[in-house]
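Here's data.cif, which has mmCIF, C-alpha atoms:
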```cif
data_query
#
loop_
_atom_site.label_atom_id
_atom_site.label_comp_id
_atom_site.auth_asym_id
_atom_site.auth_seq_id
_atom_site.Cartn_x
_atom_site.Cartn_y
_atom_site.Cartn_z
CA MET A 1 -15.94 -22.97 -10.29
CA LYS A 2 -15.60 -19.80 -12.34
CA LYS A 3 -18.64 -18.28 -10.58
CA ILE A 4 -17.12 -19.09 -7.19
CA SER A 5 -13.85 -17.48 -8.24
CA LEU A 6 -15.62 -14.33 -9.43
CA LEU A 7 -17.62 -14.12 -6.20
CA CYS A 8 -14.45 -14.57 -4.19
CA GLY A 9 -12.80 -11.76 -6.13
CA LEU A 10 -15.76 -9.46 -5.45
CA VAL A 11 -15.72 -10.20 -1.73
CA MET A 12 -11.97 -9.56 -1.60
CA ALA A 13 -12.49 -6.30 -3.47
CA ILE A 14 -14.97 -5.03 -0.91
CA LEU A 15 -13.73 -6.43 2.39
CA GLY A 16 -10.14 -7.54 2.00
CA ILE A 17 -8.32 -10.83 1.61
CA SER A 18 -9.42 -12.74 4.71
CA SER A 19 -13.13 -12.40 3.93
CA CYS A 20 -13.06 -14.89 1.06
CA SER A 21 -13.81 -18.46 2.12
CA GLY A 22 -11.66 -19.85 -0.69
CA VAL A 23 -8.47 -18.35 0.73
CA ARG A 24 -6.28 -20.66 2.79
CA ILE A 25 -5.14 -19.01 6.01
CA LYS A 26 -1.95 -19.69 7.93
CA GLU A 27 -1.05 -17.93 11.16
CA HIS A 28 2.60 -17.50 12.15
CA ASN A 29 3.12 -16.81 15.84
CA GLU A 30 6.84 -17.34 15.28
CA TRP A 31 7.00 -13.96 13.52
CA LYS A 32 6.54 -12.27 16.89
CA GLN A 33 10.30 -12.58 17.40
CA TYR A 34 10.95 -10.01 14.66
CA PHE A 35 8.69 -7.40 16.27
CA ASP A 36 10.16 -8.16 19.71
CA GLN A 37 13.65 -7.64 18.33
CA TYR A 38 12.81 -3.97 17.72
CA GLY A 39 10.56 -3.53 20.76
CA VAL A 40 7.45 -2.75 18.71
CA THR A 41 3.92 -4.15 18.57
CA GLY A 42 2.45 -4.95 15.19
CA CYS A 43 1.10 -7.27 12.55
CA PHE A 44 2.04 -8.59 9.14
CA GLU A 45 -0.05 -10.07 6.35
CA VAL A 46 1.21 -11.47 3.06
CA TYR A 47 -0.95 -13.04 0.38
CA ASP A 48 0.60 -15.58 -2.00
CA ASN A 49 -1.35 -14.93 -5.18
CA ASN A 50 -0.47 -18.15 -7.02
CA LYS A 51 -1.22 -20.41 -4.05
CA GLU A 52 -4.21 -18.36 -2.84
CA THR A 53 -2.81 -18.46 0.69
CA ALA A 54 -2.81 -15.65 3.25
CA HIS A 55 -0.10 -15.70 5.92
CA TYR A 56 -0.59 -13.67 9.09
CA PHE A 57 0.96 -12.57 12.32
CA ASP A 58 -1.67 -11.13 14.70
CA LYS A 59 -4.73 -11.64 12.54
CA GLU A 60 -6.87 -9.62 14.94
CA ARG A 61 -4.77 -6.51 14.34
CA THR A 62 -4.86 -7.01 10.55
CA ASN A 63 -8.63 -6.50 10.81
CA ARG A 64 -8.36 -3.33 12.92
CA ARG A 65 -9.00 -0.04 11.13
CA MET A 66 -6.33 2.62 11.48
CA CYS A 67 -5.25 5.92 9.94
CA PRO A 68 -3.66 5.17 6.53
CA ALA A 69 -1.31 8.18 6.77
CA SER A 70 0.94 8.44 3.71
CA THR A 71 -0.03 5.05 2.30
CA PHE A 72 -3.08 7.01 1.07
CA LYS A 73 -0.80 8.65 -1.49
CA ILE A 74 -1.39 5.53 -3.60
CA PHE A 75 -5.13 6.22 -3.73
CA ASN A 76 -4.70 10.00 -3.99
CA SER A 77 -2.41 9.53 -7.00
CA LEU A 78 -4.90 7.21 -8.70
CA VAL A 79 -7.72 9.74 -8.34
CA GLY A 80 -5.56 12.68 -9.41
CA LEU A 81 -4.51 10.89 -12.58
CA GLU A 82 -7.92 9.46 -13.40
CA THR A 83 -9.73 12.79 -13.06
CA GLY A 84 -7.15 14.62 -15.17
CA VAL A 85 -6.19 16.90 -12.28
CA ALA A 86 -2.76 15.39 -12.87
CA PRO A 87 -2.22 14.76 -16.61
CA ASP A 88 0.65 12.43 -15.67
CA GLU A 89 3.18 11.79 -12.91
CA GLN A 90 5.19 14.83 -14.05
CA LEU A 91 2.59 17.33 -12.81
CA VAL A 92 4.50 20.06 -10.97
CA ILE A 93 2.97 21.68 -7.90
CA LYS A 94 4.94 24.70 -6.81
CA TRP A 95 6.27 25.01 -3.28
CA ASP A 96 4.09 27.35 -1.21
CA GLY A 97 7.13 28.94 0.44
CA VAL A 98 6.42 27.50 3.88
CA THR A 99 9.56 25.91 5.36
CA ARG A 100 8.76 22.48 6.80
CA TRP A 101 10.74 19.93 8.82
CA ASN A 102 11.50 17.78 5.76
CA LYS A 103 13.80 19.77 3.46
CA ASP A 104 12.84 17.55 0.51
CA TRP A 105 9.36 19.09 0.63
CA ASN A 106 10.60 22.69 0.43
CA GLN A 107 10.77 22.90 -3.35
CA ASP A 108 8.68 22.52 -6.50
CA LEU A 109 7.91 18.83 -6.99
CA THR A 110 6.44 16.55 -9.64
CA MET A 111 4.01 13.86 -8.53
CA ALA A 112 6.68 11.18 -8.98
CA GLN A 113 9.12 13.17 -6.84
CA ALA A 114 6.48 13.92 -4.21
CA PHE A 115 5.53 10.24 -4.01
CA LYS A 116 9.17 9.26 -3.54
CA VAL A 117 9.81 11.71 -0.68
CA SER A 118 6.25 11.32 0.68
CA ALA A 119 5.57 15.06 0.45
CA VAL A 120 2.42 15.74 2.47
CA PRO A 121 1.92 19.36 1.22
CA TYR A 122 1.97 18.23 -2.43
CA TYR A 123 -0.73 15.64 -1.84
CA GLN A 124 -2.81 18.03 0.27
CA GLU A 125 -2.88 20.45 -2.65
CA LEU A 126 -3.66 17.58 -5.05
CA ALA A 127 -6.63 16.59 -2.87
CA ARG A 128 -7.89 20.19 -2.80
CA ARG A 129 -7.77 20.30 -6.60
CA ILE A 130 -9.59 16.97 -6.86
CA GLY A 131 -12.32 18.19 -4.52
CA LYS A 132 -14.58 16.40 -2.08
CA GLN A 133 -17.19 15.26 -4.60
CA GLN A 134 -14.78 13.44 -6.89
CA MET A 135 -12.75 12.03 -4.00
CA GLN A 136 -15.87 10.69 -2.29
CA HIS A 137 -17.03 9.10 -5.54
CA TYR A 138 -13.86 7.05 -5.81
CA LEU A 139 -13.72 6.18 -2.10
CA ASP A 140 -17.25 4.79 -2.44
CA THR A 141 -16.58 3.03 -5.73
CA VAL A 142 -13.37 1.38 -4.55
CA GLN A 143 -14.84 0.75 -1.07
CA TYR A 144 -11.64 2.08 0.48
CA GLY A 145 -11.68 1.54 4.24
CA ASN A 146 -14.53 3.36 6.00
CA LYS A 147 -14.82 5.76 3.01
CA ARG A 148 -15.07 8.89 5.19
CA ILE A 149 -13.77 12.37 4.30
CA GLY A 150 -15.42 14.61 6.88
CA ASP A 151 -15.02 18.38 6.58
CA GLN A 152 -11.33 18.65 5.64
CA ILE A 153 -10.43 17.52 2.13
CA ASP A 154 -6.72 18.03 2.84
CA GLN A 155 -6.60 16.26 6.23
CA PHE A 156 -8.98 13.27 6.25
CA TRP A 157 -6.33 10.58 5.67
CA LEU A 158 -4.15 12.13 8.40
CA ASN A 159 -6.62 12.99 11.19
CA ASP A 160 -8.34 9.62 11.82
CA THR A 161 -11.41 10.42 9.71
CA LEU A 162 -10.48 7.88 7.03
CA LEU A 163 -9.51 4.49 8.45
CA ILE A 164 -8.46 1.20 6.83
CA THR A 165 -7.36 -2.24 8.02
CA PRO A 166 -4.09 -3.92 7.00
CA ASP A 167 -6.21 -6.68 5.44
CA GLU A 168 -8.10 -4.12 3.36
CA GLN A 169 -4.77 -2.61 2.31
CA VAL A 170 -3.66 -6.02 1.00
CA GLY A 171 -6.91 -6.44 -0.92
CA PHE A 172 -6.53 -2.94 -2.40
CA ILE A 173 -2.93 -3.59 -3.50
CA LYS A 174 -3.94 -6.92 -5.04
CA ARG A 175 -6.57 -5.20 -7.15
CA LEU A 176 -4.09 -2.49 -8.17
CA TYR A 177 -1.59 -5.12 -9.30
CA HIS A 178 -4.16 -6.95 -11.42
CA GLY A 179 -5.59 -3.71 -12.85
CA GLU A 180 -8.96 -4.44 -11.24
CA LEU A 181 -9.58 -1.05 -9.61
CA PRO A 182 -12.15 1.31 -11.23
CA PHE A 183 -9.40 3.32 -12.89
CA SER A 184 -7.93 3.11 -16.38
CA GLU A 185 -5.11 0.70 -17.14
CA ARG A 186 -2.84 3.71 -17.73
CA THR A 187 -3.62 5.27 -14.35
CA GLN A 188 -2.94 2.03 -12.48
CA ARG A 189 0.25 1.38 -14.45
CA ILE A 190 1.65 4.83 -13.63
CA VAL A 191 0.99 4.40 -9.90
CA ARG A 192 2.49 0.91 -9.84
CA GLY A 193 5.57 2.38 -11.47
CA MET A 194 5.90 5.05 -8.78
CA MET A 195 5.77 2.35 -6.11
CA LEU A 196 8.82 0.47 -7.45
CA GLN A 197 11.61 0.59 -4.83
CA LYS A 198 13.96 -2.28 -5.67
CA GLU A 199 14.69 -4.19 -8.86
CA ALA A 200 16.80 -7.18 -9.88
CA PRO A 201 16.60 -9.53 -12.90
CA ASP A 202 14.36 -12.00 -11.03
CA TYR A 203 12.81 -9.75 -8.38
CA LYS A 204 10.91 -6.47 -7.92
CA LEU A 205 9.77 -4.83 -4.69
CA TYR A 206 7.02 -2.18 -4.68
CA TYR A 207 5.74 -0.33 -1.63
CA LYS A 208 4.58 2.88 0.02
CA THR A 209 5.31 3.80 3.61
CA GLY A 210 3.18 5.69 6.10
CA TRP A 211 3.76 7.20 9.54
CA ASP A 212 1.11 8.51 11.94
CA ASP A 213 2.43 10.06 15.16
CA LYS A 214 -0.72 11.22 16.92
CA HIS A 215 -1.92 10.23 20.41
CA ASN A 216 1.65 9.91 21.79
CA THR A 217 2.16 6.83 19.62
CA ASN A 218 4.00 6.21 16.37
CA ASN A 219 1.98 4.02 14.01
CA LEU A 220 3.90 2.93 10.91
CA TRP A 221 2.95 1.21 7.66
CA VAL A 222 4.62 -0.44 4.70
CA VAL A 223 2.16 -1.72 2.08
CA GLY A 224 2.98 -3.13 -1.34
CA TYR A 225 3.94 -6.25 -3.22
CA VAL A 226 6.80 -8.43 -4.36
CA GLU A 227 7.20 -9.93 -7.83
CA LYS A 228 9.42 -12.98 -8.07
CA PHE A 229 10.11 -14.15 -11.61
CA GLU A 230 10.36 -17.85 -12.32
CA ARG A 231 12.00 -19.03 -15.53
CA MET A 232 9.78 -21.47 -17.42
CA LYS A 233 9.65 -22.78 -20.98
CA HIS A 234 6.66 -21.81 -23.08
CA VAL A 235 4.61 -24.88 -23.99
CA GLU A 236 4.48 -24.05 -27.70
CA THR A 237 7.57 -21.95 -28.46
CA LYS A 238 9.82 -23.80 -25.99
CA LYS A 239 11.44 -20.45 -25.28
CA GLU A 240 12.26 -19.59 -21.69
CA GLU A 241 10.02 -16.90 -20.24
CA ALA A 242 10.00 -15.02 -16.94
CA ILE A 243 6.69 -15.73 -15.22
CA PRO A 244 5.80 -13.35 -12.36
CA HIS A 245 4.72 -14.73 -8.98
CA PRO A 246 3.22 -11.86 -6.95
CA TYR A 247 2.90 -11.56 -3.18
CA PHE A 248 0.89 -8.71 -1.60
CA PHE A 249 1.69 -7.48 1.88
CA ALA A 250 0.90 -5.01 4.65
CA LEU A 251 3.16 -4.35 7.63
CA ASN A 252 1.84 -2.25 10.49
CA PHE A 253 3.42 -1.60 13.87
CA SER A 254 3.39 0.92 16.69
CA THR A 255 5.56 2.16 19.54
CA ALA A 256 5.57 5.07 21.96
CA ASP A 257 9.39 5.14 21.98
CA THR A 258 10.54 8.24 20.10
CA THR A 259 14.25 7.42 20.49
CA LYS A 260 14.15 4.57 17.96
CA ASP A 261 15.17 5.03 14.32
CA LEU A 262 11.73 4.02 13.10
CA LYS A 263 12.44 4.97 9.49
CA ALA A 264 15.18 2.33 9.37
CA ILE A 265 13.33 -0.17 11.56
CA ARG A 266 10.28 -0.40 9.30
CA LEU A 267 12.37 -1.45 6.30
CA GLU A 268 14.61 -3.78 8.32
CA LEU A 269 11.53 -5.41 9.84
CA LEU A 270 9.91 -5.72 6.43
CA GLN A 271 13.04 -7.40 5.07
CA LYS A 272 13.09 -9.94 7.91
CA LEU A 273 9.44 -10.80 7.35
CA LEU A 274 9.89 -11.13 3.59
CA ASP A 275 12.92 -13.35 4.20
CA ALA A 276 10.83 -15.50 6.55
CA ASN A 277 8.45 -16.04 3.62
CA ASP A 278 11.33 -16.73 1.20
CA ILE A 279 10.47 -13.63 -0.81
CA GLY A 280 13.25 -11.33 0.33
CA HIS A 281 16.17 -10.28 -1.84
#
```

Would it be possible to restate this file's structure as structure tokens?
Amino acid sequence: MKKISLLCGLVMAILGISSCSGVRIKEHNEWKQYFDQYGVTGCFEVYDNNKETAHYFDKERTNRRMCPASTFKIFNSLVGLETGVAPDEQLVIKWDGVTRWNKDWNQDLTMAQAFKVSAVPYYQELARRIGKQQMQHYLDTVQYGNKRIGDQIDQFWLNDTLLITPDEQVGFIKRLYHGELPFSERTQRIVRGMMLQKEAPDYKLYYKTGWDDKHNTNNLWVVGYVEKFERMKHVETKKEEAIPHPYFFALNFSTADTTKDLKAIRLELLQKLLDANDIGH
């Protein structure tokens, strides 16, 4: 049984959640109503770690490779920290003086600040400092999406060179949560900490958003995980302990309508889907 479990974990690590035969799969066509409510087309996948069950809406789309956009900041941060290019999440990269559409980017930023405001210029400079050789090494080692960089070290996750499926995103986040990626425990812990968006005594929500607006279409992501804490008594000490129950998810949707408030919609839609799985807060 242990050998089967290890094999399953390896398959998940390479291909994503749905590739493991031991995972129970449930499809939820009823979730279409949430996408229809906002007039968008998309998919959602959530993996219940404790029950080893993957829940899907539009399973075909969850296996379609797409531009990761700013969700790649998770991977970029891991490589920057692991290589020492960023000693920690307080690495400051100075503003280059170019005024951009997002005013939050037009200043000196630490990695933690840049991650929070999804500052593309910061992470482009980080990638340049990492270099193609080191970046390619980790893309290959992690087996991240199609693993392609092409000729532009500061554009490949934005220009459709690097592609990844929602299912692969879920598998990647699962490995990050369990500290199973080929990075140090410290590196993975720092990046998990930067992903924290919402916290309550019995609940934590971690995610990174992404937005690709090429080809006259807006393609949006939210990838991350939920931790629900269940109070249980320790068998020996009899003391009550908070036991985490993690759920890993990827939301992806697209629309050509530029009049919608997509920044708000992606989080509202995520909340509805988490609520439908009884893991909202």

Ground truth for the PyMOL selection byres ((chain A and resi 116) around 12), written as a PyMOL selection string: chain A and resi 70-71+73-74+89+104-105+109-115+117-120+122-123+191+193-197+206-210

Those same residues, written as a short mmCIF file (atom, residue, chain, number, x, y, z; two decimals), keeping the file's coordinate frame with C-alpha atoms?
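File again_33.cif, as written:
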```cif
data_model
loop_
_atom_site.label_atom_id
_atom_site.label_comp_id
_atom_site.auth_asym_id
_atom_site.auth_seq_id
_atom_site.Cartn_x
_atom_site.Cartn_y
_atom_site.Cartn_z
CA SER A 70 0.94 8.44 3.71
CA THR A 71 -0.03 5.05 2.30
CA LYS A 73 -0.80 8.65 -1.49
CA ILE A 74 -1.39 5.53 -3.60
CA GLU A 89 3.18 11.79 -12.91
CA ASP A 104 12.84 17.55 0.51
CA TRP A 105 9.36 19.09 0.63
CA LEU A 109 7.91 18.83 -6.99
CA THR A 110 6.44 16.55 -9.64
CA MET A 111 4.01 13.86 -8.53
CA ALA A 112 6.68 11.18 -8.98
CA GLN A 113 9.12 13.17 -6.84
CA ALA A 114 6.48 13.92 -4.21
CA PHE A 115 5.53 10.24 -4.01
CA VAL A 117 9.81 11.71 -0.68
CA SER A 118 6.25 11.32 0.68
CA ALA A 119 5.57 15.06 0.45
CA VAL A 120 2.42 15.74 2.47
CA TYR A 122 1.97 18.23 -2.43
CA TYR A 123 -0.73 15.64 -1.84
CA VAL A 191 0.99 4.40 -9.90
CA GLY A 193 5.57 2.38 -11.47
CA MET A 194 5.90 5.05 -8.78
CA MET A 195 5.77 2.35 -6.11
CA LEU A 196 8.82 0.47 -7.45
CA GLN A 197 11.61 0.59 -4.83
CA TYR A 206 7.02 -2.18 -4.68
CA TYR A 207 5.74 -0.33 -1.63
CA LYS A 208 4.58 2.88 0.02
CA THR A 209 5.31 3.80 3.61
CA GLY A 210 3.18 5.69 6.10
#
```

Give me, as a Markdown table, the closest atom pair and its distance (Å, one decimal) for every residue of range 31-50 of chain A within a cut-off of 9 Å of range 168-188 of chain A, counting all atoms listed in the file, rows sorted by chain and rising number.
```
| residue | atom | partner | partner_atom | distance |
| --- | --- | --- | --- | --- |
| A:Glu45 | CA | A:Val170 | CA | 7.6 |
| A:Val46 | CA | A:Val170 | CA | 7.6 |
| A:Tyr47 | CA | A:Val170 | CA | 7.6 |
| A:Asn49 | CA | A:Lys174 | CA | 8.4 |
```

Two-atom distance - CA of Ser254 in chain A, CA of Asn219 in chain A (Å): 4.3 Å

What are the centre and edge lengths in Å, to one decimal, of the axis-aligned box around all listed atoms of range 245-262 of chain A with 5 Å added on each side, as JSON?
```
{"center_x": 8.0, "center_y": -3.2, "center_z": 6.5, "size_x": 24.3, "size_y": 33.0, "size_z": 41.0}
```

Protein and nucleic acid residues near (9.7, 10.7, 23.9) (cut-off 12 Å, all atoms listed in the file) as a list in words: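 Here is the list of nearby residues: Asp213, Asn216, Thr217, Asn218, Thr255, Ala256, Asp257, Thr258, Thr259 and Lys260 of chain A.
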
Which residue of A:Leu262, A:Val98, A:Leu251, A:Val79 approaches Trp31 in chain A most closely, using all atoms listed in the file: A:Leu251

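Note that the spacing between CA of Arg266 in chain A and CA of Lys59 in chain A amounts to 19.0 Å.
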
Who sits within 10 Å of Gln152 in chain A, all atoms listed in the file, same chain under 3 positions skipped, as a PyMOL selection string: chain A and resi 127-128+132+149+155-157+159+161

Picked residues, the PyMOL selection byres ((chain A and resi 241) around 6), expected as a PyMOL selection string: chain A and resi 231-233+240+242

Closest of A:Lys26, A:Arg189, A:His281, A:His234 to Glu82 in chain A - atom-to-atom distances counting only C-alpha atoms: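 Closest candidate: A:Arg189.
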
Output check: residues returned by the PyMOL selection byres ((chain A and resi 205) around 12), as a PyMOL selection string: chain A and resi 192-204+206-208+222-229+245-249+267+270-271+274+279-281
